[in-house]
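Peer 1: Below is the file protein38.cif, which contains mmCIF, C-alpha atoms and all ligand atoms.
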data_run
loop_
_atom_site.label_atom_id
_atom_site.label_comp_id
_atom_site.auth_asym_id
_atom_site.auth_seq_id
_atom_site.Cartn_x
_atom_site.Cartn_y
_atom_site.Cartn_z
CA MET M 7 121.18 -28.75 54.74
CA GLN M 8 121.00 -25.66 52.51
CA SER M 9 118.48 -23.00 53.51
CA THR M 10 116.88 -22.83 50.07
CA ARG M 11 115.99 -25.83 48.00
CA PRO M 12 114.67 -24.36 44.74
CA ILE M 13 113.34 -25.96 41.58
CA GLY M 14 116.11 -25.77 38.97
CA ILE M 15 115.20 -24.84 35.41
CA PHE M 16 117.92 -25.50 32.86
CA ASP M 17 118.39 -24.59 29.21
CA SER M 18 121.34 -24.22 26.87
CA GLY M 19 120.55 -20.51 26.83
CA LEU M 20 117.51 -18.26 26.86
CA GLY M 21 114.82 -20.58 25.51
CA GLY M 22 113.98 -22.28 28.80
CA LEU M 23 112.72 -18.94 30.04
CA THR M 24 109.59 -19.45 27.91
CA VAL M 25 108.90 -22.59 29.95
CA PHE M 26 109.95 -20.99 33.25
CA LYS M 27 107.49 -18.14 32.58
CA SER M 28 104.57 -20.59 32.37
CA ILE M 29 105.79 -22.56 35.41
CA ALA M 30 106.21 -19.44 37.54
CA GLU M 31 102.70 -18.28 36.59
CA LYS M 32 101.12 -21.57 37.62
CA LEU M 33 103.33 -22.25 40.66
CA PRO M 34 104.39 -18.83 41.98
CA GLY M 35 105.09 -19.85 45.56
CA TYR M 36 108.20 -22.01 45.06
CA ASP M 37 111.81 -20.90 44.94
CA TYR M 38 113.47 -21.21 41.53
CA ILE M 39 116.90 -21.06 39.96
CA TYR M 40 117.10 -20.56 36.21
CA PHE M 41 120.41 -21.62 34.67
CA GLY M 42 121.31 -20.87 31.04
CA ASP M 43 124.53 -22.24 29.57
CA ASN M 44 124.69 -19.30 27.14
CA SER M 45 128.43 -19.36 26.63
CA ARG M 46 128.14 -22.85 25.07
CA ALA M 47 124.78 -22.43 23.28
CA PRO M 48 123.46 -23.49 20.89
CA TYR M 49 123.52 -27.17 21.78
CA GLY M 50 121.36 -28.19 18.81
CA ASN M 51 124.13 -28.97 16.33
CA ARG M 52 126.50 -30.60 18.86
CA SER M 53 127.27 -34.30 19.29
CA PHE M 54 125.49 -36.62 21.70
CA ASN M 55 128.54 -36.80 23.98
CA THR M 56 129.02 -33.06 24.13
CA ILE M 57 125.35 -32.35 24.86
CA HIS M 58 125.38 -34.99 27.59
CA GLN M 59 128.60 -33.68 29.13
CA TYR M 60 127.44 -30.03 29.16
CA THR M 61 124.00 -30.89 30.49
CA TRP M 62 125.33 -33.12 33.26
CA GLU M 63 127.80 -30.42 34.35
CA CYS M 64 124.95 -27.91 34.60
CA VAL M 65 122.67 -30.38 36.38
CA GLN M 66 125.40 -31.04 38.95
CA TRP M 67 125.86 -27.31 39.46
CA LEU M 68 122.11 -26.98 40.12
CA PHE M 69 122.23 -29.89 42.57
CA GLY M 70 125.07 -28.01 44.30
CA GLN M 71 122.68 -25.06 44.72
CA GLY M 72 120.34 -27.34 46.68
CA CYS M 73 117.78 -28.12 43.94
CA PRO M 74 115.84 -31.32 44.72
CA LEU M 75 114.12 -31.15 41.31
CA ILE M 76 115.46 -29.97 37.96
CA ILE M 77 113.50 -29.43 34.75
CA LEU M 78 115.53 -29.68 31.55
CA ALA M 79 113.60 -26.91 29.77
CA CYS M 80 115.53 -27.78 26.63
CA ASN M 81 114.33 -30.31 24.09
CA THR M 82 117.83 -30.97 22.83
CA ALA M 83 119.11 -31.85 26.30
CA SER M 84 115.92 -33.82 27.02
CA ALA M 85 116.41 -35.80 23.80
CA LYS M 86 120.13 -36.39 24.08
CA ALA M 87 121.10 -36.33 27.75
CA LEU M 88 118.12 -37.00 30.02
CA ARG M 89 118.01 -40.76 29.76
CA THR M 90 121.74 -41.18 30.50
CA ILE M 91 121.48 -38.76 33.42
CA GLN M 92 118.45 -40.55 34.90
CA GLN M 93 119.53 -44.12 34.21
CA ARG M 94 123.32 -43.93 34.69
CA ASP M 95 124.71 -40.70 36.17
CA MET M 96 122.20 -40.48 39.04
CA LEU M 97 122.38 -44.11 40.10
CA ASN M 98 124.67 -43.43 43.04
CA GLY M 99 124.14 -40.66 45.57
CA TYR M 100 121.12 -38.89 44.08
CA ALA M 101 118.25 -40.90 45.59
CA ASN M 102 116.33 -37.79 46.73
CA LYS M 103 116.86 -35.81 43.52
CA ARG M 104 114.89 -35.79 40.28
CA VAL M 105 115.56 -34.54 36.76
CA LEU M 106 112.64 -34.26 34.34
CA GLY M 107 112.50 -33.33 30.66
CA VAL M 108 110.03 -31.61 28.35
CA ILE M 109 109.50 -34.20 25.62
CA ARG M 110 107.38 -36.75 27.42
CA PRO M 111 104.85 -34.28 28.92
CA THR M 112 104.45 -32.73 25.48
CA ALA M 113 104.09 -36.08 23.71
CA GLU M 114 101.41 -37.13 26.22
CA VAL M 115 98.99 -34.43 25.06
CA ILE M 116 99.98 -33.14 21.63
CA GLY M 117 97.90 -35.73 19.74
CA ASP M 118 94.75 -34.21 21.23
CA TYR M 119 95.47 -30.91 19.50
CA SER M 120 95.18 -32.32 15.99
CA GLN M 121 91.96 -32.98 14.07
CA SER M 122 93.69 -34.41 11.00
CA GLY M 123 96.00 -36.69 12.99
CA GLU M 124 99.06 -35.18 11.28
CA ILE M 125 101.51 -33.16 13.37
CA GLY M 126 104.63 -31.29 12.33
CA VAL M 127 107.47 -31.09 14.85
CA LEU M 128 109.93 -28.20 14.50
CA GLY M 129 113.12 -28.63 16.53
CA THR M 130 116.88 -28.47 16.56
CA LYS M 131 118.95 -30.88 14.51
CA GLY M 132 119.74 -32.87 17.67
CA THR M 133 116.09 -33.19 18.69
CA VAL M 134 114.94 -34.18 15.20
CA GLN M 135 117.76 -36.69 14.62
CA SER M 136 117.05 -38.36 17.97
CA GLU M 137 113.52 -39.23 16.71
CA SER M 138 112.41 -38.75 20.34
CA TYR M 139 109.18 -36.99 19.41
CA ALA M 140 108.15 -39.52 16.77
CA ILE M 141 108.81 -42.36 19.24
CA GLU M 142 107.14 -40.75 22.27
CA ILE M 143 104.09 -39.36 20.44
CA ASN M 144 103.42 -42.74 18.88
CA LYS M 145 103.41 -44.38 22.33
CA PHE M 146 100.47 -42.19 23.35
CA PHE M 147 98.86 -41.64 19.93
CA PRO M 148 99.67 -44.64 17.72
CA ASP M 149 97.51 -43.35 14.85
CA VAL M 150 99.04 -39.90 14.67
CA LYS M 151 101.50 -39.22 11.85
CA VAL M 152 104.53 -37.20 12.90
CA TYR M 153 106.58 -35.14 10.45
CA GLN M 154 109.78 -33.46 11.60
CA GLN M 155 111.86 -30.55 10.43
CA ALA M 156 115.18 -29.33 11.84
CA CYS M 157 115.50 -25.55 11.94
CA PRO M 158 119.23 -25.16 12.70
CA LEU M 159 119.43 -21.41 12.15
CA TRP M 160 116.53 -20.34 14.36
CA VAL M 161 118.34 -20.68 17.72
CA PRO M 162 121.45 -18.75 16.58
CA LEU M 163 119.16 -15.97 15.26
CA ILE M 164 117.36 -15.83 18.60
CA GLU M 165 120.43 -16.14 20.87
CA ASN M 166 122.09 -13.32 18.90
CA GLY M 167 119.07 -11.03 19.00
CA GLU M 168 118.67 -11.14 15.21
CA TYR M 169 115.30 -12.86 15.13
CA ASN M 170 113.18 -9.75 14.61
CA LYS M 171 115.37 -8.24 11.91
CA PRO M 172 114.35 -8.44 8.22
CA GLY M 173 117.09 -11.01 7.41
CA ALA M 174 115.47 -13.55 9.72
CA GLU M 175 112.31 -13.73 7.59
CA TYR M 176 114.01 -15.83 4.92
CA TYR M 177 114.95 -18.56 7.42
CA ILE M 178 111.60 -18.50 9.19
CA LYS M 179 109.83 -19.14 5.90
CA LEU M 180 112.43 -21.65 4.64
CA TYR M 181 111.84 -24.25 7.36
CA LEU M 182 108.06 -23.73 7.37
CA ASP M 183 107.97 -24.39 3.61
CA GLN M 184 110.05 -27.53 4.17
CA ILE M 185 107.76 -29.02 6.82
CA LEU M 186 104.55 -28.13 4.99
CA ALA M 187 105.94 -29.75 1.83
CA GLN M 188 106.00 -33.07 3.73
CA SER M 189 102.19 -33.29 3.93
CA SER M 190 99.22 -31.08 3.10
CA SER M 191 97.24 -32.56 6.02
CA ILE M 192 99.40 -31.20 8.84
CA ASP M 193 97.10 -29.08 11.02
CA THR M 194 99.32 -28.70 14.11
CA LEU M 195 102.89 -27.44 14.31
CA LEU M 196 104.66 -28.10 17.58
CA LEU M 197 107.44 -25.71 18.56
CA ALA M 198 109.69 -28.45 19.96
CA CYS M 199 112.45 -26.08 20.96
CA THR M 200 111.96 -23.73 23.88
CA HIS M 201 113.53 -20.84 21.96
CA TYR M 202 110.97 -20.89 19.17
CA PRO M 203 108.01 -19.25 20.98
CA LEU M 204 109.87 -15.97 20.38
CA LEU M 205 109.13 -16.52 16.68
CA GLN M 206 105.55 -17.65 17.21
CA ASP M 207 103.79 -14.58 15.80
CA ARG M 208 106.02 -14.45 12.77
CA ILE M 209 105.56 -18.19 12.16
CA LYS M 210 101.78 -17.81 12.34
CA ALA M 211 101.93 -15.00 9.79
CA TYR M 212 103.26 -17.44 7.17
CA LEU M 213 100.72 -20.19 7.85
CA PRO M 214 97.17 -20.75 6.62
CA GLU M 215 94.54 -20.29 9.32
CA ASN M 216 93.76 -23.98 9.64
CA ILE M 217 97.24 -24.72 11.02
CA GLN M 218 97.71 -24.10 14.72
CA VAL M 219 101.06 -23.46 16.35
CA VAL M 220 101.62 -25.00 19.79
CA ALA M 221 104.28 -23.86 22.27
CA GLN M 222 105.25 -26.11 25.18
CA GLY M 223 105.35 -23.73 28.15
CA ASP M 224 101.84 -24.31 29.49
CA ILE M 225 101.95 -28.02 28.68
CA VAL M 226 105.13 -28.50 30.72
CA ALA M 227 103.83 -26.29 33.53
CA ASN M 228 100.56 -28.27 33.78
CA SER M 229 102.51 -31.49 33.85
CA LEU M 230 104.72 -30.16 36.67
CA VAL M 231 101.65 -29.16 38.70
CA ASP M 232 100.42 -32.72 38.35
CA TYR M 233 103.85 -34.21 39.13
CA LEU M 234 104.19 -32.24 42.37
CA LYS M 235 100.73 -33.38 43.47
CA ARG M 236 101.71 -37.01 42.89
CA HIS M 237 105.20 -36.76 44.45
CA SER M 238 104.85 -35.23 47.89
CA GLU M 239 108.27 -36.60 48.90
CA ILE M 240 109.86 -34.26 46.32
CA GLU M 241 107.36 -31.40 46.67
CA SER M 242 107.74 -31.13 50.44
CA ASN M 243 111.49 -30.75 50.03
CA ILE M 244 111.24 -27.62 47.82
CA THR M 245 111.37 -24.31 49.69
CA GLN M 246 108.58 -21.80 49.17
CA ASN M 247 109.62 -18.16 49.48
CA GLY M 248 108.69 -17.17 45.92
CA VAL M 249 112.34 -16.25 45.14
CA LYS M 250 113.61 -16.46 41.55
CA ARG M 251 117.33 -16.31 40.74
CA PHE M 252 118.91 -16.34 37.30
CA PHE M 253 122.38 -17.62 36.44
CA THR M 254 124.23 -17.73 33.15
CA THR M 255 127.61 -18.96 31.97
CA THR M 256 128.12 -15.89 29.79
CA ASP M 257 130.14 -13.11 31.42
CA ASP M 258 128.02 -10.54 29.58
CA THR M 259 125.20 -10.67 32.10
CA GLN M 260 123.83 -7.33 30.91
CA GLU M 261 123.20 -8.71 27.45
CA PHE M 262 121.67 -11.83 28.98
CA ASP M 263 119.37 -9.67 31.15
CA GLN M 264 118.28 -7.59 28.19
CA HIS M 265 117.34 -10.61 26.06
CA ALA M 266 116.05 -12.66 29.00
CA SER M 267 113.56 -9.94 29.94
CA LEU M 268 111.92 -10.38 26.53
CA PHE M 269 111.64 -14.16 26.95
CA PHE M 270 110.41 -13.88 30.52
CA SER M 271 108.17 -10.83 29.98
CA ALA M 272 109.57 -9.34 33.20
CA PRO M 273 112.85 -7.73 34.27
CA VAL M 274 115.67 -10.25 34.81
CA LYS M 275 118.89 -9.65 36.79
CA SER M 276 121.33 -12.49 36.34
CA GLU M 277 124.52 -13.67 38.02
CA TYR M 278 127.56 -15.08 36.24
CA VAL M 279 128.73 -18.64 36.83
CA ALA M 280 132.00 -20.03 35.47
CA ILE M 281 131.56 -23.69 34.62
N1 LIG O 1 116.01 -24.42 23.77
C1 LIG O 1 116.70 -25.58 23.33
C2 LIG O 1 115.72 -26.66 22.90
O1 LIG O 1 114.60 -26.64 23.37
C3 LIG O 1 117.78 -25.23 22.48
C4 LIG O 1 118.57 -25.41 21.69
C5 LIG O 1 119.97 -25.19 21.33
O2 LIG O 1 120.74 -24.82 22.20
O3 LIG O 1 120.26 -25.45 20.17
O4 LIG O 1 116.05 -27.54 22.13
#
Using structure tokens, write down the structure from this file.
Ligand code: DGL
Peer 2:
Amino acid sequence: MQSTRPIGIFDSGLGGLTVFKSIAEKLPGYDYIYFGDNSRAPYGNRSFNTIHQYTWECVQWLFGQGCPLIILACNTASAKALRTIQQRDMLNGYANKRVLGVIRPTAEVIGDYSQSGEIGVLGTKGTVQSESYAIEINKFFPDVKVYQQACPLWVPLIENGEYNKPGAEYYIKLYLDQILAQSSSIDTLLLACTHYPLLQDRIKAYLPENIQVVAQGDIVANSLVDYLKRHSEIESNITQNGVKRFFTTTDDTQEFDQHASLFFSAPVKSEYVAI
């Protein structure tokens, strides 16, 4: 048996670090491996089969590192790959392993944030086209109206470090105008892509005060705290030395570290993985 059995946190690139940050704050004692598939990001505009194939490869790599539990800190992978991984790929030989996503824990609580009962969901093309949020939110909040808007240029702007340059403003405003045009009663905008919290302040600057912007990090972290309490058979298998390691599929680890430190609000030193 491997000496460390960390929690694996996966994203197509840097975005999952916004979720990892919240998880590490609430659960500092566990060992963690963050894995970003930066060389193949963004996933958002890719086909179902490609997103599933990439995600499953990365999940298997994390299992190979000894992770008993993996969080897909990526809405696109949660929407497009999680179900197939849980219900087909892991049927044989993975009885003591778990993979969880970020959509269900968010859908379970997001209805409580809205007074008007109208929520706007901002996500990648893949997440929006999957309708996962509309379906999941309506299971928990049948009276809530869900509006969705794909924001396909936000992740490339963020992954390429262009998001705080003047040219980004046009695209930030463009997608906000498009979602707000769908209903004047939306009072809650969910950032349903783990990259988007990097844009949160700039998004807020374009919105009237009565519209709140919700990021998922703390929601997912709270849900994980609860999950570990309810699943001692998984929890007791995770090692607790407080060690965090970062891996990326891009060979430019220095660039990853530079951007990742902004997402994680702490210095990051990554290692390269060829996949
Ligand atoms: N952070 C991912 C998500 O939450 C990213 C998207 C992408 O790679 O397009 O959907």
Peer 1: Using only C-alpha atoms and all ligand atoms, can you tell me which of M:Ser238, M:Thr10, M:Thr130, M:Gln222 comes closest to ligand LIG 1 (chain O)?
Peer 2: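 That would be M:Thr130, the residue with the smallest distance to ligand LIG 1 (chain O).
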Peer 1: Of the candidates M:Leu268, M:Ile77, M:Ile91, M:Leu106, which one gets nearest to His58 of chain M if we count all atoms listed in the file?
Peer 2: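 So, comparing all the options, the nearest one is M:Ile91.
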Peer 1: Taking all atoms listed in the file into account, name the residue in M:Ile109, M:Asn44, M:Gly126, M:Ser191 that is nearest to Asp258 of chain M.
Peer 2: M:Asn44
Peer 1: Using all atoms listed in the file, which of the listed residues (M:Gly123, M:Pro12, M:Gly117, M:Pro203) sits closest to ligand LIG 1 (chain O)?
Peer 2: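 Of M:Gly123, M:Pro12, M:Gly117, M:Pro203, the one nearest ligand LIG 1 (chain O), counting all atoms listed in the file, is M:Pro203.
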Peer 1: All residues within 6 Å of ligand LIG 1 (chain O) are required, counting only C-alpha atoms and all ligand atoms; please report them as a PyMOL selection string.
Peer 2: chain M and resi 17-18+21-22+47-50+80-82+130+161+199-201
Peer 1: Which is closer to Ala113 of chain M than all the others in M:Leu213, M:Leu195, M:Ile225, M:Val231, using all atoms listed in the file?
Peer 2: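 Once distances to Ala113 of chain M are computed over all atoms listed in the file, the minimum belongs to M:Ile225.
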Peer 1: Since the input has fewer atoms than a full residue there, write segment 169-194 of chain M out with N, CA and C atoms, as a compact mmCIF listing (two decimals), keeping the file's coordinate frame.
Peer 2:
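File out-v7.txt, as written:
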# COMPACT_ATOMS: atom_id res chain seq x y z
N TYR M 169 116.51 -12.19 15.60
CA TYR M 169 115.30 -12.86 15.13
C TYR M 169 114.20 -11.91 14.66
N ASN M 170 114.23 -10.65 15.11
CA ASN M 170 113.18 -9.75 14.61
C ASN M 170 113.70 -8.74 13.60
N LYS M 171 114.82 -9.10 12.97
CA LYS M 171 115.37 -8.24 11.91
C LYS M 171 114.92 -8.80 10.56
N PRO M 172 114.89 -7.99 9.52
CA PRO M 172 114.35 -8.44 8.22
C PRO M 172 115.05 -9.69 7.68
N GLY M 173 116.35 -9.85 7.93
CA GLY M 173 117.09 -11.01 7.41
C GLY M 173 116.58 -12.33 7.95
N ALA M 174 115.94 -12.30 9.11
CA ALA M 174 115.47 -13.55 9.72
C ALA M 174 114.28 -14.14 8.95
N GLU M 175 113.54 -13.27 8.25
CA GLU M 175 112.31 -13.73 7.59
C GLU M 175 112.57 -14.89 6.62
N TYR M 176 113.69 -14.80 5.91
CA TYR M 176 114.01 -15.83 4.92
C TYR M 176 114.08 -17.20 5.60
N TYR M 177 114.76 -17.26 6.76
CA TYR M 177 114.95 -18.56 7.42
C TYR M 177 113.68 -19.02 8.14
N ILE M 178 112.88 -18.08 8.57
CA ILE M 178 111.60 -18.50 9.19
C ILE M 178 110.76 -19.20 8.12
N LYS M 179 110.66 -18.58 6.98
CA LYS M 179 109.83 -19.14 5.90
C LYS M 179 110.43 -20.45 5.34
N LEU M 180 111.76 -20.49 5.23
CA LEU M 180 112.43 -21.65 4.64
C LEU M 180 112.01 -22.95 5.32
N TYR M 181 112.13 -22.99 6.65
CA TYR M 181 111.84 -24.25 7.36
C TYR M 181 110.34 -24.55 7.40
N LEU M 182 109.51 -23.50 7.41
CA LEU M 182 108.06 -23.73 7.37
C LEU M 182 107.68 -24.35 6.02
N ASP M 183 108.25 -23.81 4.95
CA ASP M 183 107.97 -24.39 3.61
C ASP M 183 108.39 -25.85 3.58
N GLN M 184 109.53 -26.15 4.22
CA GLN M 184 110.05 -27.53 4.17
C GLN M 184 109.15 -28.50 4.94
N ILE M 185 108.62 -28.07 6.09
CA ILE M 185 107.76 -29.02 6.82
C ILE M 185 106.40 -29.14 6.14
N LEU M 186 105.88 -28.04 5.63
CA LEU M 186 104.55 -28.13 4.99
C LEU M 186 104.61 -28.92 3.69
N ALA M 187 105.79 -28.96 3.07
CA ALA M 187 105.94 -29.75 1.83
C ALA M 187 105.87 -31.25 2.13
N GLN M 188 106.02 -31.64 3.39
CA GLN M 188 106.00 -33.07 3.73
C GLN M 188 104.59 -33.65 3.72
N SER M 189 103.59 -32.81 3.99
CA SER M 189 102.19 -33.29 3.93
C SER M 189 101.26 -32.09 3.93
N SER M 190 100.19 -32.19 3.12
CA SER M 190 99.22 -31.08 3.10
C SER M 190 98.18 -31.25 4.20
N SER M 191 98.25 -32.33 4.97
CA SER M 191 97.24 -32.56 6.02
C SER M 191 97.71 -32.15 7.42
N ILE M 192 98.94 -31.64 7.52
CA ILE M 192 99.40 -31.20 8.84
C ILE M 192 98.50 -30.05 9.30
N ASP M 193 97.91 -30.19 10.49
CA ASP M 193 97.10 -29.08 11.02
C ASP M 193 97.65 -28.53 12.34
N THR M 194 98.75 -29.12 12.83
CA THR M 194 99.32 -28.70 14.11
C THR M 194 100.84 -28.67 13.97
